[in-house]
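Just below is one structure, and these are the notes that go with it.
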Amino acid sequence: MSIRVTQSLSRTADQPQNGPVGRGGGFGGGGRGGGRPFGWPDGGRGTSAVLNAQVQYRRTDAQGLNVFPNLGSDTTNTNISAPITLNVRHGRSIQNLTVNLTRATVETTNAFANAENVAALAGIEYPGSTDPLNWGVPNLSFTGFTGARTAPASLRSENRLTASYAWIHPAAKHLLRMGGDYRLDRSDATINGNSRGSFTFTGVYASDGTPIPAGSGADFADFLLGLPQQATLQVGGRSQLRQHAIDAYVEDNWQKGPKLTFNLGLRYELARPYVELNHRMANLDVTPGFTAVAPVLPGGVGPYSGAFPTALLNTDANNLGPRLGFAYRARPTTILRGGYGITYTSGSYASIARQLAGQPPFAETETVTGTDSAPLTLAEALLSPAPATTNNWGVDRDYTLGMTQTWNATITNNVTNNWLLQAGYTGIKGTDLDILRAPALGRGAALIPGTQAFIWESSGGRSIMNAATFQVRRRLAGGYSGGMSYTIARALDNASSLGAGGPVVAQNDKDLGAEWARSSFDRRHQISGNVYVELPWGPNRHWLKNGGTLAALFGEWSAQLTVTLQSGTPLTARVLGAAGDLLRGVNGSLRGNYAGGPISLSDPTVDEFFNVTAFSVPAPGQFGDSSRNVIPGPGARQLNGLFQRDVRLGSTRSLTLQINAINLLNTVQWAAVDTNINSPTFGQVLSARPMRTMTVTARFRF
């Protein structure tokens, strides 16, 4: 739903007062400029103002399906926004002022929240179980097969107020822009990301501590005995997070000559870390070598590094980003373009704040690991005596926002009026990216005294990507158009978490250099193409151009076919349920040993997608020597079709008919592959991408 109110006021030399907006045309328009730059009104005389206000509302409902129907979830997302824009043109200048207020609410429910405390009925006790919102089935993880997991009931509301100002002014061969933005974010949420607890079963008790052969069922035997090796929990009350952010920019679009144009800009961003209104956050203060840690509260003093700010993070204020670009017409049919820019990932502050808000003493957190001599029990594992420091997450107080540098160059050649060739290169370099570590083990592989296992987030990661693209296109002429492009790319990084708070933790906290490998999104080859055809039936076409029943049914249809061929993203051979991993408070960070030899198979099958004999489980207490992302994942090949027709019904009425087909040829495409070495399905394809789907849409306009 969108409600729009527009008020227009104008006064120019050639129009009466209170008349419509001047006909001179706005920026980029083709009004009565008489050859003046950018289509500004002749002489730039007069003043006009346009006020635009809208109210927009959107609601979506989604269902999270589960192989166990009662473990599914329902999520409702509502969004309402009210943007108000004032556009003022005075002389040759334009000023835009925009204020926007947005409120988004996300609510997730499951079958047991506020209904039945099934965990208590099963004899499982955990902190937070007195709140009916947290009732439900605990998450169960197994070494050899898929466990049980369901989303916790939660409620989160996001309120954002933004105000933007922009000033645009043409001057001779320059188009100047200046402006800035202010943003206030408010996030209120329940802290229950792991409110019912998670239990990991490895078979360590049923096998008497010996390594588990794949498919032995020892992990399920531990479950039947009620003996998990690890139990984790994170649950608390509500957090009220606030953030202020500003930015300012200046830009000059300089047409130096008929063949050369520059775009020169500079942008400054200042996003302050989130604060909690009631100071209900906690971080960890650590010594340089992680020999000791201590919790610290907002505005408190840490024993190792001194006073902490209210946000528990120092503000990163060095976020200056240049924007440089050019376009050069080397020949009448050839254009060379290039650019360079720097951006910053200020969005990571939000996920960091939610982690810090879910820490003691304002929330319950547990990461408990059992041993042969001191096993855990499913009923009481989460009621174990807590160590002095129970925080399971900490962030470097000098955390720096990730910086991305992008540079690119393209050359475009119009071979004929209809055919175009283009070649381009893009380079992207990331620095200060997020790294997640598990440094809880001290000397002799023992936990730091008085501390439970915890995850540490810092910003020491880096990445590099290079990509080349070649493209040929035919513009619409004679009833058809189309194009084909090929991209070859390579991406590397050592950032175990690209974007803060990700699930991947570095394998060895003492050897972060071993994390440098192919990026999880690295896709080496990609070919894409499309063809658009106006089908030859109907008025002004080859057949049925004289009308009639057949022309009414089949005339004026168009068809568009798109094809995608791409290599797969890489996968990592992992080991679940390793004792060393669980002791550090993680599961699945341990990688396998690589025996050498080929990994890809010339004829992969569903039962063996890659060479499983190339990997093995490391010896107890040892890290795997295999790199991250060394297994080529399944690629994709897909043909989609779109058939469309516009039917004119007279006056301003029209009807648009669409038939959209995804995976038109119904090609079987593999998706997930089991890369857990100690799983009985290691190397097997676990799922496929969706089969052919067809959607018929009718849209009536009036």
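Going through the structure tokens in order, the chains are called A, B, and so on, while each chain numbers its residues from 1 and the ligands are numbered from 1 in the order shown.
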Long-range neighbours of range 486-497 of chain A as a ChimeraX atom specification, 8 Å cut-off, only C-alpha atoms, 5 positions minimum in chain: /A:433-436,460-471,502-506,512-519,521-528
Taking 6 positions as the minimum chain separation for residues in the same chain, which residues sit within 12 Å of Tyr205 in chain A when counting only C-alpha atoms? Answer as a PyMOL selection string. chain A and resi 211-212+217-229+370-377+579
Long-range neighbours of Gly478 in chain A as a list in words, 12 Å cut-off, only C-alpha atoms, 5 positions minimum in chain: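 Here the qualifying residues turn out to be Asn418, Tyr532, Val533, Glu534, Leu535, Pro536, Asn540, Arg541 and His542 of chain A.
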Using the selection just defined, write its residues with N, CA and C atoms as a PDB file, in the first residue's frame.
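File produced: part16.pdb:
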```pdb
ATOM      1  N   ASN A 418      23.834  -1.609 -34.111  1.00  0.00           N
ATOM      2  CA  ASN A 418      23.113  -2.589 -33.308  1.00  0.00           C
ATOM      3  C   ASN A 418      24.013  -3.453 -32.436  1.00  0.00           C
ATOM      4  N   TYR A 532      15.829 -11.802 -26.457  1.00  0.00           N
ATOM      5  CA  TYR A 532      14.485 -11.244 -26.410  1.00  0.00           C
ATOM      6  C   TYR A 532      13.933 -11.222 -27.831  1.00  0.00           C
ATOM      7  N   VAL A 533      12.719 -11.773 -27.994  1.00  0.00           N
ATOM      8  CA  VAL A 533      12.111 -11.871 -29.320  1.00  0.00           C
ATOM      9  C   VAL A 533      10.669 -11.406 -29.246  1.00  0.00           C
ATOM     10  N   GLU A 534      10.300 -10.512 -30.164  1.00  0.00           N
ATOM     11  CA  GLU A 534       8.899 -10.162 -30.348  1.00  0.00           C
ATOM     12  C   GLU A 534       8.305 -11.194 -31.294  1.00  0.00           C
ATOM     13  N   LEU A 535       7.432 -12.057 -30.786  1.00  0.00           N
ATOM     14  CA  LEU A 535       6.897 -13.146 -31.599  1.00  0.00           C
ATOM     15  C   LEU A 535       6.136 -12.580 -32.797  1.00  0.00           C
ATOM     16  N   PRO A 536       6.269 -13.222 -33.961  1.00  0.00           N
ATOM     17  CA  PRO A 536       5.823 -12.597 -35.227  1.00  0.00           C
ATOM     18  C   PRO A 536       4.336 -12.739 -35.502  1.00  0.00           C
ATOM     19  N   ASN A 540       1.286  -5.113 -36.994  1.00  0.00           N
ATOM     20  CA  ASN A 540       2.628  -4.649 -37.355  1.00  0.00           C
ATOM     21  C   ASN A 540       3.673  -5.757 -37.283  1.00  0.00           C
ATOM     22  N   ARG A 541       3.234  -7.021 -37.360  1.00  0.00           N
ATOM     23  CA  ARG A 541       4.163  -8.142 -37.360  1.00  0.00           C
ATOM     24  C   ARG A 541       3.934  -8.988 -38.607  1.00  0.00           C
ATOM     25  N   HIS A 542       4.674 -10.044 -38.738  1.00  0.00           N
ATOM     26  CA  HIS A 542       4.706 -10.766 -40.010  1.00  0.00           C
ATOM     27  C   HIS A 542       3.397 -11.492 -40.299  1.00  0.00           C
TER      28      HIS A 542
END
```
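Relative to CA of Gln566 in chain A, CA of Asn663 in chain A is found at 14.4 Å.
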A straight line from CA of Gln644 in chain A to CA of Pro690 in chain A spans 23.1 Å
Applying 7 Å and only C-alpha atoms, which residues near range 648-657 of chain A remain after dropping the ones on its own chain fewer than 3 positions away? List them as a PyMOL selection string. chain A and resi 644-645+697-702
Would you output that residue set with C-alpha atoms, as a CSV table (one decimal), in the first residue's frame?
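Result went into selection33.csv, see below:
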```csv
chain,number,residue,atom,x,y,z
A,644,GLN,CA,4.6,-11.5,-21.8
A,645,ARG,CA,1.8,-9.6,-23.5
A,697,THR,CA,0.5,-13.5,-13.5
A,698,ALA,CA,-2.2,-11.0,-14.7
A,699,ARG,CA,-1.9,-7.3,-13.8
A,700,PHE,CA,-4.7,-4.8,-14.5
A,701,ARG,CA,-3.8,-1.1,-14.8
A,702,PHE,CA,-6.3,1.7,-14.8
```
Name the closest residue to Gly236 in chain A among the candidates A:Val368, A:Ala409, A:Ala171, A:Ala189; distances are taken between atoms, counting only C-alpha atoms. A:Ala189
For Asn640 in chain A, list every protein, DNA or RNA residue within 12 Å, evaluated using only C-alpha atoms, and leave out those in the same chain fewer than 4 positions away; present the list as a PyMOL selection string. chain A and resi 528-531+559-565+659-667+691-695
Take CA of Val204 in chain A and CA of Phe68 in chain A and report the distance between them in Å, one decimal. 26.5 Å
Just list the residues in range 65-313 of chain A DSSP gives strand (DSSP E or B) on the backbone, as JSON, numbers by chain. {"A": [73, 74, 75, 76, 77, 78, 79, 80, 81, 82, 83, 84, 85, 86, 87, 88, 89, 90, 93, 94, 95, 96, 97, 98, 99, 100, 101, 102, 103, 104, 105, 106, 107, 108, 109, 110, 139, 140, 141, 142, 148, 154, 155, 156, 157, 158, 159, 160, 161, 162, 163, 164, 165, 166, 167, 168, 169, 170, 171, 174, 175, 176, 177, 178, 179, 180, 181, 182, 183, 184, 185, 186, 187, 188, 189, 190, 194, 195, 196, 197, 198, 199, 200, 201, 230, 231, 232, 233, 234, 235, 236, 238, 239, 240, 241, 242, 243, 244, 245, 246, 247, 248, 249, 250, 251, 252, 253, 254, 255, 260, 261, 262, 263, 264, 265, 266, 267, 268, 269, 270, 271, 275, 276, 283, 284, 285, 286, 293, 294, 295, 296, 301, 302, 306, 307]}
Contacts of Val118 in chain A within 9 Å, only C-alpha atoms, excl. fewer than 3 positions in-chain, as a PDB file with C-alpha atoms, in the first residue's frame:
```pdb
ATOM      1  CA  PHE A 112       5.799 -24.873  21.721  1.00  0.00           C
ATOM      2  CA  LEU A 121       8.409 -32.635  30.494  1.00  0.00           C
ATOM      3  CA  ALA A 122      11.413 -34.577  29.166  1.00  0.00           C
ATOM      4  CA  GLY A 123      13.352 -33.802  32.346  1.00  0.00           C
ATOM      5  CA  ILE A 124      15.702 -31.215  30.796  1.00  0.00           C
ATOM      6  CA  TRP A 135       9.734 -23.186  25.678  1.00  0.00           C
ATOM      7  CA  GLY A 136      10.580 -25.733  23.024  1.00  0.00           C
ATOM      8  CA  VAL A 137      12.849 -28.547  21.918  1.00  0.00           C
TER       9      VAL A 137
END
```
Neighbours of Arg689 in chain A within 10 Å (only C-alpha atoms; same-chain residues fewer than 4 positions away dropped), as JSON, numbers by chain? {"A": [636, 663, 667, 668, 669, 670, 671, 672]}
In range 87-204 of chain A, DSSP helix (DSSP H, G or I) residues written as a PyMOL selection string: chain A and resi 118-121+132-134
Would you save the residues of that selection, restricted to C-alpha atoms, as a PDB file, in the first residue's frame?
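Ended up saving to part-v4.pdb:
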```
ATOM      1  CA  VAL A 118       8.293 -29.943  26.344  1.00  0.00           C
ATOM      2  CA  ALA A 119      11.920 -29.802  27.520  1.00  0.00           C
ATOM      3  CA  ALA A 120      10.813 -29.747  31.158  1.00  0.00           C
ATOM      4  CA  LEU A 121       8.409 -32.635  30.494  1.00  0.00           C
ATOM      5  CA  PRO A 132       7.050 -19.335  28.173  1.00  0.00           C
ATOM      6  CA  LEU A 133       8.567 -17.612  25.135  1.00  0.00           C
ATOM      7  CA  ASN A 134      11.605 -19.896  25.496  1.00  0.00           C
TER       8      ASN A 134
END
```
